[in-house]
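Shown next: model-v8.txt, containing compact mmCIF, C-alpha atoms.
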# COMPACT_ATOMS: atom_id res chain seq x y z
CA MET T 1 -56.33 -32.92 -13.29
CA ARG T 2 -54.37 -34.86 -15.89
CA ILE T 3 -51.87 -32.72 -17.85
CA ALA T 4 -49.47 -33.70 -20.64
CA TYR T 5 -46.51 -31.61 -21.83
CA ILE T 6 -44.87 -32.24 -25.20
CA TYR T 7 -41.15 -31.52 -25.51
CA THR T 8 -38.25 -32.72 -27.66
CA ALA T 9 -35.89 -34.09 -25.02
CA LEU T 10 -34.82 -33.27 -21.47
CA THR T 11 -31.13 -33.45 -22.30
CA THR T 12 -29.66 -29.94 -22.00
CA PHE T 13 -28.90 -27.47 -19.21
CA GLY T 14 -30.97 -24.89 -21.06
CA GLY T 15 -33.64 -22.76 -19.48
CA VAL T 16 -36.60 -24.54 -21.07
CA ASP T 17 -35.52 -27.93 -19.69
CA ARG T 18 -35.25 -26.46 -16.21
CA VAL T 19 -38.52 -24.51 -16.42
CA LEU T 20 -40.47 -27.51 -17.72
CA THR T 21 -39.01 -29.87 -15.12
CA GLU T 22 -39.68 -27.50 -12.22
CA LYS T 23 -43.20 -26.80 -13.46
CA ALA T 24 -44.06 -30.48 -13.83
CA ASN T 25 -42.59 -31.29 -10.40
CA TYR T 26 -44.58 -28.50 -8.75
CA LEU T 27 -47.85 -29.51 -10.41
CA ALA T 28 -47.36 -33.12 -9.34
CA ASP T 29 -45.72 -32.77 -5.91
CA ILE T 30 -47.32 -29.61 -4.53
CA LEU T 31 -50.66 -29.34 -6.36
CA GLY T 32 -51.30 -33.07 -6.71
CA HIS T 33 -52.02 -33.26 -10.44
CA GLU T 34 -51.24 -36.22 -12.68
CA VAL T 35 -48.50 -34.92 -14.97
CA TYR T 36 -46.86 -36.41 -18.05
CA ILE T 37 -43.90 -35.18 -20.10
CA ILE T 38 -43.85 -36.74 -23.57
CA THR T 39 -40.56 -36.46 -25.44
CA ASP T 40 -39.69 -37.69 -28.92
CA SER T 41 -35.94 -38.25 -28.80
CA GLN T 42 -34.72 -38.79 -25.25
CA ALA T 43 -32.84 -41.83 -26.58
CA GLY T 44 -32.37 -43.42 -23.19
CA ARG T 45 -30.56 -40.44 -21.70
CA PRO T 46 -31.59 -39.42 -18.17
CA PRO T 47 -33.21 -35.98 -17.73
CA VAL T 48 -30.57 -33.37 -16.89
CA PHE T 49 -32.68 -31.93 -14.08
CA PRO T 50 -34.25 -34.43 -11.68
CA LEU T 51 -37.89 -35.28 -12.30
CA SER T 52 -40.20 -36.12 -9.43
CA ASP T 53 -41.20 -39.77 -9.12
CA LYS T 54 -44.75 -38.51 -9.48
CA VAL T 55 -44.10 -37.13 -12.99
CA HIS T 56 -44.54 -39.67 -15.78
CA HIS T 57 -41.93 -39.40 -18.54
CA ILE T 58 -42.77 -41.13 -21.83
CA ASP T 59 -40.36 -41.10 -24.76
CA LEU T 60 -41.67 -41.87 -28.26
CA GLU T 61 -38.26 -42.99 -29.56
CA THR T 62 -38.38 -41.05 -32.82
CA ASP T 63 -34.85 -40.41 -34.06
CA PHE T 64 -35.10 -37.07 -35.84
CA ASP T 65 -31.30 -36.93 -36.04
CA GLU T 66 -31.49 -39.61 -38.75
CA GLN T 67 -32.45 -37.00 -41.37
CA TYR T 68 -29.08 -35.26 -41.03
CA HIS T 69 -27.27 -38.28 -42.49
CA TYR T 70 -28.64 -37.56 -45.97
CA GLY T 71 -28.60 -34.99 -48.75
CA ILE T 72 -31.38 -32.47 -49.13
CA VAL T 73 -33.83 -34.61 -51.16
CA LYS T 74 -33.48 -37.79 -49.12
CA ARG T 75 -33.44 -35.69 -45.95
CA PHE T 76 -36.82 -34.21 -46.86
CA LEU T 77 -38.30 -37.67 -47.48
CA CYS T 78 -36.80 -38.99 -44.26
CA TYR T 79 -38.23 -36.08 -42.29
CA ARG T 80 -41.72 -36.71 -43.69
CA ARG T 81 -41.49 -40.36 -42.70
CA LEU T 82 -40.29 -39.48 -39.19
CA MET T 83 -43.05 -36.89 -38.75
CA LYS T 84 -45.69 -39.43 -39.77
CA GLN T 85 -44.24 -41.91 -37.28
CA TYR T 86 -44.05 -39.25 -34.57
CA ARG T 87 -47.63 -38.10 -35.12
CA GLN T 88 -48.99 -41.63 -34.88
CA ARG T 89 -47.02 -42.45 -31.74
CA LEU T 90 -48.02 -39.20 -30.08
CA GLU T 91 -51.70 -39.67 -30.88
CA ASP T 92 -51.61 -43.27 -29.64
CA THR T 93 -49.98 -42.12 -26.39
CA LEU T 94 -52.47 -39.31 -25.79
CA ARG T 95 -55.38 -41.67 -26.42
CA LYS T 96 -53.91 -44.09 -23.90
CA ILE T 97 -53.25 -41.63 -21.05
CA ARG T 98 -56.31 -39.42 -21.80
CA PRO T 99 -55.07 -36.05 -20.51
CA GLN T 100 -57.58 -33.27 -19.99
CA ILE T 101 -55.03 -30.73 -21.22
CA THR T 102 -52.17 -31.23 -23.67
CA ILE T 103 -49.54 -28.48 -23.82
CA SER T 104 -47.13 -28.00 -26.70
CA THR T 105 -43.85 -26.19 -26.15
CA CYS T 106 -44.09 -25.01 -29.78
CA GLY T 107 -41.99 -27.79 -31.23
CA ARG T 108 -42.67 -29.76 -34.40
CA ASP T 109 -45.84 -31.23 -32.87
CA LEU T 110 -47.51 -27.82 -33.23
CA ASP T 111 -47.96 -28.55 -36.95
CA PHE T 112 -50.54 -31.26 -36.30
CA LEU T 113 -51.49 -31.09 -32.62
CA ASN T 114 -54.88 -29.48 -33.24
CA ASP T 115 -55.88 -32.36 -35.51
CA LEU T 116 -55.26 -35.15 -33.01
CA LYS T 117 -58.51 -36.82 -31.93
CA ASP T 118 -57.64 -37.77 -28.36
CA GLY T 119 -60.20 -35.59 -26.63
CA SER T 120 -57.80 -33.29 -24.77
CA ILE T 121 -57.81 -29.50 -24.79
CA LYS T 122 -54.85 -28.23 -26.83
CA MET T 123 -52.69 -25.39 -25.51
CA ALA T 124 -49.16 -24.15 -26.13
CA GLU T 125 -46.54 -22.11 -24.30
CA SER T 126 -43.80 -20.17 -26.08
CA HIS T 127 -40.35 -19.87 -24.54
CA THR T 128 -38.92 -17.38 -27.00
CA THR T 129 -40.11 -14.28 -28.86
CA LYS T 130 -42.37 -14.62 -31.89
CA GLU T 131 -39.80 -13.39 -34.41
CA TYR T 132 -37.24 -15.96 -33.27
CA MET T 133 -39.44 -19.06 -32.92
CA ARG T 134 -38.04 -22.24 -34.47
CA ASN T 135 -34.96 -20.31 -35.62
CA LEU T 136 -36.79 -19.29 -38.81
CA TYR T 137 -34.97 -15.95 -38.68
CA LEU T 138 -31.77 -17.81 -39.60
CA MET T 139 -33.42 -19.22 -42.69
CA LYS T 140 -34.79 -15.81 -43.67
CA ALA T 141 -31.31 -14.33 -43.39
CA LYS T 142 -30.07 -16.65 -46.17
CA GLY T 143 -32.20 -14.80 -48.71
CA PHE T 144 -34.26 -16.22 -51.57
CA PRO T 145 -35.46 -19.01 -51.80
CA TYR T 146 -34.88 -19.79 -48.10
CA SER T 147 -36.86 -16.71 -47.04
CA MET T 148 -39.87 -18.01 -48.98
CA VAL T 149 -39.69 -21.32 -47.14
CA ALA T 150 -39.32 -19.52 -43.81
CA ASN T 151 -42.33 -17.32 -44.57
CA HIS T 152 -44.37 -20.43 -45.43
CA TRP T 153 -43.49 -22.07 -42.12
CA THR T 154 -44.18 -18.85 -40.23
CA HIS T 155 -47.64 -18.64 -41.77
CA LYS T 156 -48.31 -22.30 -40.98
CA MET T 157 -47.17 -21.80 -37.39
CA GLU T 158 -49.46 -18.79 -36.98
CA LYS T 159 -52.43 -20.77 -38.31
CA SER T 160 -51.71 -23.55 -35.82
CA VAL T 161 -51.47 -21.07 -32.93
CA GLN T 162 -54.80 -19.52 -33.96
CA ARG T 163 -56.57 -22.86 -33.52
CA LEU T 164 -55.29 -23.56 -29.99
CA LYS T 165 -57.64 -23.19 -27.05
CA GLU T 166 -55.05 -21.10 -25.19
CA PHE T 167 -51.62 -19.71 -26.03
CA VAL T 168 -49.24 -18.48 -23.31
CA VAL T 169 -46.21 -16.22 -23.71
CA LEU T 170 -43.68 -14.92 -21.20
CA ASN T 171 -44.10 -11.16 -21.31
CA GLU T 172 -46.37 -8.34 -22.47
CA HIS T 173 -43.99 -7.18 -25.19
CA ASP T 174 -44.12 -10.56 -26.91
CA ALA T 175 -47.89 -10.71 -26.33
CA GLU T 176 -48.19 -7.52 -28.37
CA SER T 177 -46.44 -9.16 -31.33
CA TRP T 178 -49.18 -11.84 -31.35
CA ARG T 179 -52.15 -9.45 -31.13
CA ALA T 180 -52.83 -9.52 -34.87
CA ILE T 181 -52.96 -13.33 -34.75
CA ARG T 182 -54.91 -13.96 -31.54
CA GLN T 183 -55.35 -13.02 -27.91
CA VAL T 184 -52.76 -14.59 -25.64
CA LYS T 185 -52.17 -15.09 -21.93
CA VAL T 186 -49.00 -13.83 -20.24
CA ILE T 187 -47.45 -15.98 -17.50
CA PRO T 188 -43.74 -15.47 -16.75
CA ASN T 189 -41.37 -18.20 -15.66
CA SER T 190 -40.84 -18.84 -11.98
CA LEU T 191 -37.67 -19.00 -9.91
CA PRO T 192 -36.28 -22.54 -10.01
CA PHE T 193 -34.70 -22.32 -6.56
CA LYS T 194 -34.87 -20.50 -3.24
CA THR T 195 -31.89 -19.12 -1.41
CA GLU T 196 -31.66 -17.67 2.08
CA SER T 197 -28.18 -16.27 1.49
CA VAL T 198 -26.85 -13.65 -0.91
CA SER T 199 -23.46 -12.94 -2.43
CA THR T 200 -21.07 -10.70 -0.52
CA LEU T 201 -20.41 -8.96 -3.86
CA ASN T 202 -16.73 -8.83 -3.04
CA HIS T 203 -15.35 -11.66 -5.21
CA HIS T 204 -14.23 -9.58 -8.23
CA ARG T 205 -16.13 -12.00 -10.45
CA ILE T 206 -18.57 -11.37 -13.33
CA ILE T 207 -20.82 -14.25 -14.33
CA SER T 208 -22.71 -15.10 -17.53
CA VAL T 209 -24.73 -18.24 -18.17
CA GLY T 210 -25.84 -19.27 -21.63
CA ARG T 211 -25.37 -21.45 -24.64
CA LEU T 212 -22.39 -20.55 -26.82
CA SER T 213 -24.48 -19.57 -29.82
CA VAL T 214 -25.01 -16.35 -31.75
CA GLU T 215 -28.12 -15.28 -29.86
CA LYS T 216 -26.43 -15.37 -26.43
CA GLY T 217 -23.81 -12.82 -27.45
CA ALA T 218 -20.55 -14.22 -26.10
CA ASP T 219 -18.79 -12.17 -28.80
CA ARG T 220 -20.28 -8.99 -27.32
CA MET T 221 -19.16 -9.98 -23.82
CA ILE T 222 -15.63 -10.51 -25.13
CA GLU T 223 -15.62 -7.05 -26.72
CA ILE T 224 -16.84 -5.52 -23.47
CA TRP T 225 -14.28 -7.37 -21.39
CA LYS T 226 -11.46 -6.41 -23.76
CA GLN T 227 -12.10 -2.78 -22.79
CA LEU T 228 -12.58 -3.46 -19.07
CA ALA T 229 -9.84 -5.97 -18.29
CA PRO T 230 -6.80 -3.61 -18.44
CA SER T 231 -8.22 -1.29 -15.77
CA HIS T 232 -9.56 -4.06 -13.52
CA PRO T 233 -6.76 -6.49 -12.68
CA GLY T 234 -7.90 -9.25 -10.38
CA TRP T 235 -11.40 -9.35 -11.86
CA SER T 236 -12.58 -12.17 -14.12
CA VAL T 237 -15.48 -13.22 -16.31
CA GLU T 238 -16.87 -16.72 -15.73
CA TRP T 239 -19.05 -18.02 -18.57
CA PHE T 240 -21.04 -21.23 -18.03
CA GLY T 241 -22.31 -22.98 -21.14
CA HIS T 242 -21.51 -25.10 -24.17
CA GLY T 243 -22.57 -24.66 -27.77
CA PRO T 244 -21.60 -24.55 -31.45
CA LEU T 245 -19.36 -21.49 -31.05
CA GLN T 246 -17.28 -22.96 -28.25
CA ASP T 247 -14.10 -23.51 -30.28
CA LYS T 248 -14.43 -20.13 -31.97
CA VAL T 249 -14.91 -18.30 -28.68
CA SER T 250 -11.95 -20.08 -27.10
CA ALA T 251 -9.76 -19.17 -30.09
CA ILE T 252 -10.77 -15.49 -29.89
CA LEU T 253 -10.00 -15.34 -26.18
CA LYS T 254 -6.58 -16.84 -26.74
CA GLU T 255 -5.85 -14.61 -29.72
CA GLN T 256 -6.73 -11.47 -27.75
CA HIS T 257 -4.84 -12.67 -24.65
CA LEU T 258 -7.99 -12.68 -22.53
CA ASP T 259 -8.05 -16.38 -21.69
CA ASP T 260 -6.34 -15.77 -18.34
CA SER T 261 -9.27 -13.65 -17.09
CA PHE T 262 -12.24 -14.77 -19.23
CA HIS T 263 -12.90 -18.39 -18.28
CA MET T 264 -15.15 -20.90 -20.04
CA HIS T 265 -16.93 -23.56 -17.98
CA ALA T 266 -19.19 -26.50 -18.71
CA PRO T 267 -22.83 -26.09 -17.63
CA VAL T 268 -23.46 -26.99 -14.01
CA GLN T 269 -26.62 -28.29 -12.40
CA ASN T 270 -26.41 -26.18 -9.25
CA ILE T 271 -25.79 -22.77 -10.79
CA LYS T 272 -26.94 -21.07 -7.59
CA ASP T 273 -23.55 -21.78 -6.00
CA GLU T 274 -21.82 -19.92 -8.84
CA TYR T 275 -24.09 -16.89 -8.51
CA LEU T 276 -23.28 -16.70 -4.80
CA LYS T 277 -19.55 -16.53 -5.63
CA SER T 278 -20.04 -13.65 -8.10
CA ASP T 279 -20.50 -9.87 -8.00
CA ILE T 280 -22.28 -8.90 -11.25
CA TYR T 281 -24.45 -10.74 -13.75
CA ALA T 282 -23.82 -9.68 -17.36
CA LEU T 283 -26.40 -10.57 -20.02
CA CYS T 284 -25.31 -9.91 -23.60
CA SER T 285 -28.04 -11.77 -25.49
CA ARG T 286 -29.39 -10.54 -28.82
CA PHE T 287 -32.87 -11.74 -27.84
CA GLU T 288 -34.50 -13.38 -24.83
CA GLY T 289 -38.01 -14.73 -24.44
CA PHE T 290 -37.77 -14.06 -20.72
CA GLY T 291 -34.32 -14.09 -19.15
CA MET T 292 -34.51 -16.75 -16.46
CA VAL T 293 -30.86 -16.13 -15.57
CA LEU T 294 -31.71 -12.56 -14.56
CA ILE T 295 -34.22 -13.52 -11.88
CA GLU T 296 -31.94 -16.34 -10.72
CA ALA T 297 -29.01 -13.93 -10.30
CA MET T 298 -31.24 -11.28 -8.70
CA SER T 299 -32.51 -13.78 -6.13
CA CYS T 300 -28.86 -14.27 -5.09
CA GLY T 301 -28.40 -10.53 -4.64
CA LEU T 302 -26.41 -9.85 -7.82
CA PRO T 303 -26.84 -6.57 -9.71
CA CYS T 304 -27.68 -7.37 -13.34
CA VAL T 305 -26.65 -5.59 -16.52
CA SER T 306 -28.37 -6.43 -19.80
CA PHE T 307 -28.76 -5.11 -23.30
CA ASP T 308 -32.34 -3.99 -23.93
CA CYS T 309 -32.85 -6.81 -26.42
CA PRO T 310 -36.23 -8.22 -27.46
CA HIS T 311 -38.06 -8.74 -25.14
CA GLY T 312 -37.50 -10.37 -21.76
CA PRO T 313 -34.96 -8.15 -19.95
CA ARG T 314 -37.07 -5.00 -20.15
CA THR T 315 -39.89 -6.90 -18.43
CA ILE T 316 -37.65 -7.84 -15.50
CA ILE T 317 -35.29 -4.85 -15.15
CA THR T 318 -36.28 -1.28 -14.34
CA ASN T 319 -33.21 0.69 -15.35
CA GLU T 320 -31.12 2.16 -12.52
CA GLN T 321 -33.54 0.74 -9.93
CA ASN T 322 -33.20 -3.05 -9.78
CA GLY T 323 -30.64 -3.44 -12.56
CA PHE T 324 -29.28 -1.77 -15.67
CA LEU T 325 -30.72 -1.83 -19.20
CA ILE T 326 -28.24 -0.79 -21.89
CA PRO T 327 -29.42 0.41 -25.34
CA GLU T 328 -29.26 -2.57 -27.69
CA ASP T 329 -25.77 -3.20 -29.10
CA ASP T 330 -24.27 -0.09 -27.44
CA ILE T 331 -20.99 -1.67 -26.36
CA ASP T 332 -19.52 1.59 -25.07
CA ALA T 333 -22.51 2.28 -22.80
CA TYR T 334 -22.31 -1.27 -21.47
CA VAL T 335 -18.61 -0.79 -20.65
CA VAL T 336 -19.32 2.46 -18.80
CA CYS T 337 -22.04 0.81 -16.72
CA MET T 338 -19.88 -2.21 -15.86
CA ASP T 339 -16.94 0.02 -14.95
CA ARG T 340 -19.18 2.01 -12.63
CA LEU T 341 -20.43 -1.13 -10.89
CA MET T 342 -16.99 -2.70 -10.61
CA ASN T 343 -15.64 0.41 -8.91
CA ASP T 344 -18.51 0.88 -6.45
CA ILE T 345 -19.44 -1.93 -4.05
CA GLU T 346 -22.13 0.21 -2.41
CA LEU T 347 -23.84 0.59 -5.80
CA ARG T 348 -23.58 -3.17 -6.33
CA GLN T 349 -25.18 -3.75 -2.94
CA ARG T 350 -28.01 -1.26 -3.47
CA ILE T 351 -28.96 -2.56 -6.91
CA GLY T 352 -28.47 -6.16 -5.79
CA GLN T 353 -30.83 -5.72 -2.84
CA ALA T 354 -33.48 -4.12 -5.03
CA GLY T 355 -33.14 -6.90 -7.58
CA ARG T 356 -33.48 -9.58 -4.91
CA GLN T 357 -36.67 -7.96 -3.67
CA SER T 358 -38.20 -7.71 -7.15
CA SER T 359 -37.27 -11.31 -7.96
CA GLN T 360 -39.72 -12.54 -5.32
CA GLN T 361 -42.68 -11.79 -7.58
CA TYR T 362 -41.51 -14.82 -9.59
CA ALA T 363 -41.74 -17.24 -6.66
CA PRO T 364 -43.20 -20.61 -7.75
CA GLU T 365 -46.26 -20.30 -5.53
CA GLN T 366 -47.15 -17.02 -7.29
CA ILE T 367 -46.58 -18.22 -10.85
CA MET T 368 -48.01 -21.72 -10.53
CA LYS T 369 -51.21 -20.27 -9.06
CA GLN T 370 -51.67 -18.47 -12.39
CA TRP T 371 -51.20 -21.72 -14.31
CA GLU T 372 -53.68 -23.63 -12.16
CA THR T 373 -56.25 -20.85 -12.54
CA LEU T 374 -55.79 -20.96 -16.32
CA PHE T 375 -56.15 -24.75 -16.43
CA GLU T 376 -59.32 -24.72 -14.34
CA ALA T 377 -60.92 -21.92 -16.35
CA THR T 378 -60.04 -23.61 -19.65
CA ILE T 379 -61.56 -26.92 -18.60
CA GLN T 380 -64.66 -25.19 -17.29
CA SER T 381 -65.14 -23.22 -20.51
CA ASN T 382 -64.78 -26.37 -22.58
CA LYS T 383 -67.71 -28.15 -20.89

Since I need it in another form, could you write the structure as structure tokens?
Amino acid sequence: MRIAYIYTALTTFGGVDRVLTEKANYLADILGHEVYIITDSQAGRPPVFPLSDKVHHIDLETDFDEQYHYGIVKRFLCYRRLMKQYRQRLEDTLRKIRPQITISTCGRDLDFLNDLKDGSIKMAESHTTKEYMRNLYLMKAKGFPYSMVANHWTHKMEKSVQRLKEFVVLNEHDAESWRAIRQVKVIPNSLPFKTESVSTLNHHRIISVGRLSVEKGADRMIEIWKQLAPSHPGWSVEWFGHGPLQDKVSAILKEQHLDDSFHMHAPVQNIKDEYLKSDIYALCSRFEGFGMVLIEAMSCGLPCVSFDCPHGPRTIITNEQNGFLIPEDDIDAYVVCMDRLMNDIELRQRIGQAGRQSSQQYAPEQIMKQWETLFEATIQSNK
């Protein structure tokens, strides 16, 4: 089977980069398929996560960053020119490699993918919730006339999704939000690594992994830690991730005298080692398409605490059984739960063991079997 994925660039430590890389490697190395990843703006940078030699990476060398050098009118014209260039290069590439299935990751290619005449079956997979796709919610929040533009793009995106042969989301809750548009398939992400060992849960260390942006909720973690730190000397929060709020977050920590116990770190490739040196995983996101970090931490035996944000965590965590779900934005309840865990190693061990066991349902061999079944059925139905 020849499969092509379309993605912007494999240049960040984000979850989508890791998921896509691991998926492509598994399809090529373990299942023996011919796999391509087509990016538009890799710009000569090596993929952050190692790609198998059997995975073909093609970059279309379309510099979408160019548009940001101009004012709004010239930027619009530049973007149209770049999109025309991108479309032509993508269509030429697909016609050359002749994949049986082409999969969008819901980037800008989704606008025209269905109209490309390369002969492949068109599918897409979403890595975030419907309401937060393409960050259109940020545009809507600016009010009129930005909300009108955002609504136009939302409608266009929905029309494109309707025309796809298959559309895959990460959880049943997000699937429900698409029901009025079309039927969808649900396939969760898989664990990106295996570990035979687990944390001792006796390091006095809380870990969070995520981009320093509004949606990941570093501000909420700071507020939680401000209440916990005085009664838990010797404990620390270790946050791994970069992002646009990095300077702001660092300034807040210093201003509130928390920088000696709330530590910021650059992203690391082998995050498993950091989980194994930690006691609790704290997720403070405002929304999550899935919550890859939760199953990663669970597989290392860490008890996880998360706000019940849309929509991923509630799919993974059963409250008080394999983790803790806190009512959305209830800082006080989150503090109480964390305090309870920090004071009770037996509770950490019990929840951590249950989480590790439940994380095994996301083993690659389980999840990738679902993808291969979908691919085979889609090709068969298209004959």

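Atom CA of Met264 of chain T to atom CA of Arg205 of chain T spans 13.1 Å [interatomic distance, one decimal].
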
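Of the listed residues (T:Ser52, T:Asn319, T:Asn270, T:Gln227), T:Asn270 comes nearest to Pro192 of chain T; the distances count only C-alpha atoms.
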
Protein/DNA/RNA residues near (-32.1, -1.6, -13.7), cut 10 Å, all atoms listed in the file, as JSON, numbers by chain: {"T": [303, 304, 305, 306, 313, 314, 316, 317, 318, 319, 320, 321, 322, 323, 324, 325, 326, 351, 352, 354, 355]}

Mind writing the picked residues with C-alpha atoms as a short mmCIF file (atom, residue, chain, number, x, y, z; two decimals), keeping the file's coordinate frame?
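Final file, part.cif:
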data_model
loop_
_atom_site.label_atom_id
_atom_site.label_comp_id
_atom_site.auth_asym_id
_atom_site.auth_seq_id
_atom_site.Cartn_x
_atom_site.Cartn_y
_atom_site.Cartn_z
CA PRO T 303 -26.84 -6.57 -9.71
CA CYS T 304 -27.68 -7.37 -13.34
CA VAL T 305 -26.65 -5.59 -16.52
CA SER T 306 -28.37 -6.43 -19.80
CA PRO T 313 -34.96 -8.15 -19.95
CA ARG T 314 -37.07 -5.00 -20.15
CA ILE T 316 -37.65 -7.84 -15.50
CA ILE T 317 -35.29 -4.85 -15.15
CA THR T 318 -36.28 -1.28 -14.34
CA ASN T 319 -33.21 0.69 -15.35
CA GLU T 320 -31.12 2.16 -12.52
CA GLN T 321 -33.54 0.74 -9.93
CA ASN T 322 -33.20 -3.05 -9.78
CA GLY T 323 -30.64 -3.44 -12.56
CA PHE T 324 -29.28 -1.77 -15.67
CA LEU T 325 -30.72 -1.83 -19.20
CA ILE T 326 -28.24 -0.79 -21.89
CA ILE T 351 -28.96 -2.56 -6.91
CA GLY T 352 -28.47 -6.16 -5.79
CA ALA T 354 -33.48 -4.12 -5.03
CA GLY T 355 -33.14 -6.90 -7.58
#

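Our summary of the geometry notes that atom CA of Phe262 of chain T is positioned 22.5 Å from atom CA of Met292 of chain T.
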
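Within the 7 Å cut-off around segment 8-25 of chain T, using only C-alpha atoms and omitting residues fewer than 4 positions from it on the same chain, the listed residues are Asp29, Val35, Thr39, Asp40, Ser41, Gln42, Pro47, Val48, Phe49, Leu51, Ser52, Val55, His127, Asn189, Pro192, Pro267 and Met292 of chain T.
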
Writer output for current selection, C-alpha atoms, as a compact mmCIF listing (two decimals), in the coordinates of the input:
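File written: selection-v4.txt
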# COMPACT_ATOMS: atom_id res chain seq x y z
CA ASP T 29 -45.72 -32.77 -5.91
CA VAL T 35 -48.50 -34.92 -14.97
CA THR T 39 -40.56 -36.46 -25.44
CA ASP T 40 -39.69 -37.69 -28.92
CA SER T 41 -35.94 -38.25 -28.80
CA GLN T 42 -34.72 -38.79 -25.25
CA PRO T 47 -33.21 -35.98 -17.73
CA VAL T 48 -30.57 -33.37 -16.89
CA PHE T 49 -32.68 -31.93 -14.08
CA LEU T 51 -37.89 -35.28 -12.30
CA SER T 52 -40.20 -36.12 -9.43
CA VAL T 55 -44.10 -37.13 -12.99
CA HIS T 127 -40.35 -19.87 -24.54
CA ASN T 189 -41.37 -18.20 -15.66
CA PRO T 192 -36.28 -22.54 -10.01
CA PRO T 267 -22.83 -26.09 -17.63
CA MET T 292 -34.51 -16.75 -16.46

Pick from T:His57, T:Thr62, T:Asp219, T:Ile121 nearest to Glu376 of chain T, counting all atoms listed in the file: T:Ile121

Residue among T:Glu166, T:Glu274, T:Asp259, T:Glu372 lying closest to Glu296 of chain T, counting all atoms listed in the file: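 Checking each of T:Glu166, T:Glu274, T:Asp259, T:Glu372 against Glu296 of chain T, counting all atoms listed in the file, the winner is T:Glu274.
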
All residues 9 Å or closer to segment 79-81 of chain T, only C-alpha atoms, same chain fewer than 3 positions away omitted, as a list in words: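 Contacts, with the query itself left out: Phe64, Glu66, Gln67, Lys74, Arg75, Phe76, Lys84, Gln85 and Tyr86 of chain T.
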
Point-to-point distance from atom CA of Gly44 of chain T to atom CA of Lys272 of chain T, Å rounded to tenths: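 About the pair atom CA of Gly44 of chain T and atom CA of Lys272 of chain T: they are 27.8 Å apart.
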
Selected residue of minimal separation from Met338 of chain T among T:Glu125, T:Asp260, T:Asp279, T:Glu365, counting all atoms listed in the file: T:Asp279

Segment 199-202 of chain T surroundings by all atoms listed in the file, 12 Å radius, close-in-sequence under 3 positions cut, as an MDAnalysis selection string: chainID T and resid 195:196 205:207 234:235 272:281 297:303 341:353 356

Write out, as a compact mmCIF listing (two decimals), in the coordinates of the input, the residues just selected, with C-alpha atoms.
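Done, and the output landed in selection.txt:
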# COMPACT_ATOMS: atom_id res chain seq x y z
CA THR T 195 -31.89 -19.12 -1.41
CA GLU T 196 -31.66 -17.67 2.08
CA ARG T 205 -16.13 -12.00 -10.45
CA ILE T 206 -18.57 -11.37 -13.33
CA ILE T 207 -20.82 -14.25 -14.33
CA GLY T 234 -7.90 -9.25 -10.38
CA TRP T 235 -11.40 -9.35 -11.86
CA LYS T 272 -26.94 -21.07 -7.59
CA ASP T 273 -23.55 -21.78 -6.00
CA GLU T 274 -21.82 -19.92 -8.84
CA TYR T 275 -24.09 -16.89 -8.51
CA LEU T 276 -23.28 -16.70 -4.80
CA LYS T 277 -19.55 -16.53 -5.63
CA SER T 278 -20.04 -13.65 -8.10
CA ASP T 279 -20.50 -9.87 -8.00
CA ILE T 280 -22.28 -8.90 -11.25
CA TYR T 281 -24.45 -10.74 -13.75
CA ALA T 297 -29.01 -13.93 -10.30
CA MET T 298 -31.24 -11.28 -8.70
CA SER T 299 -32.51 -13.78 -6.13
CA CYS T 300 -28.86 -14.27 -5.09
CA GLY T 301 -28.40 -10.53 -4.64
CA LEU T 302 -26.41 -9.85 -7.82
CA PRO T 303 -26.84 -6.57 -9.71
CA LEU T 341 -20.43 -1.13 -10.89
CA MET T 342 -16.99 -2.70 -10.61
CA ASN T 343 -15.64 0.41 -8.91
CA ASP T 344 -18.51 0.88 -6.45
CA ILE T 345 -19.44 -1.93 -4.05
CA GLU T 346 -22.13 0.21 -2.41
CA LEU T 347 -23.84 0.59 -5.80
CA ARG T 348 -23.58 -3.17 -6.33
CA GLN T 349 -25.18 -3.75 -2.94
CA ARG T 350 -28.01 -1.26 -3.47
CA ILE T 351 -28.96 -2.56 -6.91
CA GLY T 352 -28.47 -6.16 -5.79
CA GLN T 353 -30.83 -5.72 -2.84
CA ARG T 356 -33.48 -9.58 -4.91

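With distances taken from (-15.1, -24.6, -16.6) and restricted to all atoms listed in the file, the residues inside 12 Å are Val209, Val237, Glu238, Trp239, Phe240, Gly241, His242, Gln246, Ser250, Asp259, Phe262, His263, Met264, His265, Ala266, Pro267, Val268 and Glu274 of chain T.
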
Store the residues picked out above in a file with C-alpha atoms, as a CSV table (one decimal), in the coordinates of the input.
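So selection-v8.csv came out as:
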chain,number,residue,atom,x,y,z
T,209,VAL,CA,-24.7,-18.2,-18.2
T,237,VAL,CA,-15.5,-13.2,-16.3
T,238,GLU,CA,-16.9,-16.7,-15.7
T,239,TRP,CA,-19.0,-18.0,-18.6
T,240,PHE,CA,-21.0,-21.2,-18.0
T,241,GLY,CA,-22.3,-23.0,-21.1
T,242,HIS,CA,-21.5,-25.1,-24.2
T,246,GLN,CA,-17.3,-23.0,-28.2
T,250,SER,CA,-12.0,-20.1,-27.1
T,259,ASP,CA,-8.0,-16.4,-21.7
T,262,PHE,CA,-12.2,-14.8,-19.2
T,263,HIS,CA,-12.9,-18.4,-18.3
T,264,MET,CA,-15.2,-20.9,-20.0
T,265,HIS,CA,-16.9,-23.6,-18.0
T,266,ALA,CA,-19.2,-26.5,-18.7
T,267,PRO,CA,-22.8,-26.1,-17.6
T,268,VAL,CA,-23.5,-27.0,-14.0
T,274,GLU,CA,-21.8,-19.9,-8.8

Distance criterion (only C-alpha atoms): nearest to Gly107 of chain T out of T:Lys142, T:Arg134, T:His56, T:Arg95: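 Closest to Gly107 of chain T, using only C-alpha atoms: T:Arg134.
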